[in-house]
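Visitor: Below is the structure I would like to discuss, written out as structure tokens.
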Amino acid sequence: RLNVHFDEIHGESMYADKVDEIYDSLLKQNFVTCNEDGSIEALITDENGNTEKAVLRKNDGTSLYLTRDIAAAIDRWKKYHFDSMFYVVDSTQNSHFKHLTHILKSLDYPWANEIQFVPFGRILKFSTRKGTAVFLHDILDEAKERTLENMKNSPTTKITENLDEVAEILGTSSLIVNDFSLRRKRDYPFDWEKVVNVKRNSGVSLQYCHARLNNIKENCGVDLSLDCLLTSLVEPEALALIQQLARFDEVIYNSYTDLEPCVLVHYLFTLRNDIGRAIKVLPVKGSSLYVAKARLLLFHTAHLVMRKGLELLGITPLNKM
């Protein structure tokens with residue numbers, strides 16, 4: 001339902017039988033200490049000279065999450081020879097992953113430098129109509145239900161068929177955009193009214209803009225063509241939109257290198273605003289043919305960029321809503 005699919009799913013518990021060789025390697029290098037009670041621990045010094053204790057085996061011989069994660073990382077390298085490995089985990093796991101990379105580097109694995117911890121914040125004050133015990137399927141269901149209510153009560157809803165399907169897509173769009181609109185590490189309170197509000201910075205508003213552009217293309221009465229006079233696009237709103245469209249590659253690059261979806265989301269909000277201003281003053285239908293063709297090509301390009309931006313966020317773009 002979130003357009004997320006996994007090629008493989010590996011739990012760290014499946015590496016419990018591989019930890020003994022980890023202990024042997026670390027003990028041979030004198031990186032860890034085996035205590036009299038049988039527990040194994042390492043002293044890890046950070047870049048500021050502070051020392052922390054990391055336990056790798058309990059005194060009853062039980063391995064810990066850290067040890068199994070070391071075994072998992074080694075196994076993933078052997079299987080995939082990755083260029084980079086990202087751990088996308090709650091920010092409270094920061095200390096754990098510092099220990100993980102430190103130990104892997106101590107074992108002289110050069111690929112340990114390619115491990116990146118990607119922390120994210122927590123959603124606060126989260127509840128659904130069913131209560132405060134929150135499950136993903138309940139969140140998705142409620143987003144759909146709230147969106148469906150809004151669609152049925154809105155005089156601007158243009159579709160009469162497949163309301164359930166459209167509400168599902170819009171509800172999911174709202175949740176994704178709401179979560180991705182903030183810096184990844186930031187904790188934030190959840191607000192249903194903000195999430196599904198079409199008049200605010202929301203997934204619904206981006207979908208509405210995309211559908212609006214599609215409507216212009218379908219009903220303007222002009223054939224799309226590259227053979228047009230782009231010099232006719234002289235209005236400030238046209239030029240502002242062109243400049244915004246030209247930023248798309250840069251925005252994708254920055255969003256990727258920073259591992260911050262919010263960079264792309266806020267660009268799409270700004271693009272939506274520029275598109276809205278341009279639509280008000282640049283009519284396609286009723287304009288002279290050479291002006292109409294140039295404006296149509298501009299709106300077509302904006303449509304492609306908005307579509308690609310939504311798809312990069314894992315959102316299915318809607319042509320009608």
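Simple scheme: letters A, B, ... for chains in structure tokens order, numbers from 1 for residues in each chain, numbers from 1 for ligands in the order shown.
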Using only C-alpha atoms, which residues sit within 9 Å of Gly171 of chain A once same-chain residues fewer than 3 positions away are excluded, as a count of residues only?
Guide: 19
Visitor: Find the spatial neighbours of Asp187 of chain A, counting only C-alpha atoms, within a cut-off of 9 Å - ignore same-chain residues fewer than 4 positions away - and output them as a PyMOL selection string.
Guide: chain A and resi 120-124+182-183
Visitor: Could you save the residues just selected, with C-alpha atoms, as an mmCIF file, in the first residue's frame?
Guide:
data_model
loop_
_atom_site.group_PDB
_atom_site.id
_atom_site.type_symbol
_atom_site.label_atom_id
_atom_site.label_comp_id
_atom_site.auth_asym_id
_atom_site.auth_seq_id
_atom_site.Cartn_x
_atom_site.Cartn_y
_atom_site.Cartn_z
ATOM 1 C CA PHE A 120 14.948 9.274 11.861
ATOM 2 C CA GLY A 121 12.831 10.928 14.556
ATOM 3 C CA ARG A 122 9.652 9.786 16.203
ATOM 4 C CA ILE A 123 5.996 10.623 15.642
ATOM 5 C CA LEU A 124 4.440 12.006 18.824
ATOM 6 C CA LEU A 182 10.111 17.561 7.941
ATOM 7 C CA ARG A 183 13.807 16.977 8.529
#
Visitor: Could the residues of segment 151-258 of chain A that have an atom at most 12 Å from segment 288-298 of chain A be listed as CSV, each with its closest atom pair and the distance in Å to one decimal, counting only C-alpha atoms and ordered by chain and ascending residue number?
Guide:
residue,atom,partner,partner_atom,distance
A:Leu213,CA,A:Leu296,CA,9.6
A:Asn214,CA,A:Leu296,CA,10.7
A:Asn215,CA,A:Leu296,CA,11.4
A:Ile216,CA,A:Leu296,CA,8.0
A:Lys217,CA,A:Leu296,CA,7.0
A:Glu218,CA,A:Leu296,CA,10.4
A:Asn219,CA,A:Leu296,CA,10.9
A:Cys220,CA,A:Leu296,CA,8.3
A:Gly221,CA,A:Ala292,CA,9.5
A:Val222,CA,A:Lys293,CA,6.8
A:Asp223,CA,A:Lys293,CA,7.4
A:Leu224,CA,A:Leu297,CA,6.5
A:Ser225,CA,A:Lys293,CA,6.9
A:Leu226,CA,A:Leu297,CA,7.2
A:Asp227,CA,A:Lys293,CA,8.2
A:Cys228,CA,A:Ala294,CA,5.5
A:Leu229,CA,A:Ala294,CA,5.9
A:Leu230,CA,A:Ala294,CA,5.4
A:Thr231,CA,A:Ala294,CA,8.3
A:Ser232,CA,A:Val291,CA,6.0
A:Leu233,CA,A:Ala294,CA,6.9
A:Val234,CA,A:Val291,CA,10.3
A:Glu235,CA,A:Arg295,CA,10.7
A:Glu237,CA,A:Arg295,CA,11.2
A:Ala238,CA,A:Leu298,CA,8.0
A:Leu239,CA,A:Leu298,CA,10.0
A:Ala240,CA,A:Leu298,CA,11.4
A:Leu241,CA,A:Leu298,CA,8.3
A:Ile242,CA,A:Leu298,CA,7.6
A:Gln243,CA,A:Leu298,CA,11.3
A:Gln244,CA,A:Leu298,CA,11.5
A:Leu245,CA,A:Leu298,CA,9.4
A:Ala246,CA,A:Leu298,CA,11.7
Visitor: Tell me, as a PyMOL selection string, which residues lie within 10 Å of Tyr65 of chain A, counting only C-alpha atoms; anything in the same chain fewer than 5 positions away does not count.
Guide: chain A and resi 12-13+15-16+55-57+70-71+96
Visitor: Rank nothing, just name the residue among A:Gly286, A:Leu310, A:Leu27, A:Tyr267 nearest to Ser106 of chain A, using only C-alpha atoms.
Guide: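 Distance minimum relative to Ser106 of chain A lands on A:Leu27.
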Visitor: Can you tell me which residues surround Ala72 of chain A at a distance of at most 10 Å, considering only C-alpha atoms, apart from same-chain residues fewer than 2 positions away, and format the answer as JSON, numbers by chain?
Guide: {"A": [10, 11, 12, 13, 14, 15, 16, 18, 19, 66, 67, 68, 69, 70, 74, 75, 76, 77, 78]}
Visitor: Skipping near chain neighbours, those fewer than 5 positions away, what residues fall within 9 Å of segment 250-265 of chain A using only C-alpha atoms, listed as a list of chain:residue names?
Guide: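 That gives A:Val118, A:Val177, A:Asp179, A:Phe180, A:Ser181, A:Leu182, A:Arg183, A:Arg184, A:Thr270, A:Gly309, A:Leu310, A:Leu312, A:Leu313.
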Visitor: Between A:Leu2, A:Met321, A:Ile279, A:Asp20, single out the one closest to Asp164 of chain A, counting only C-alpha atoms.
Guide: A:Met321
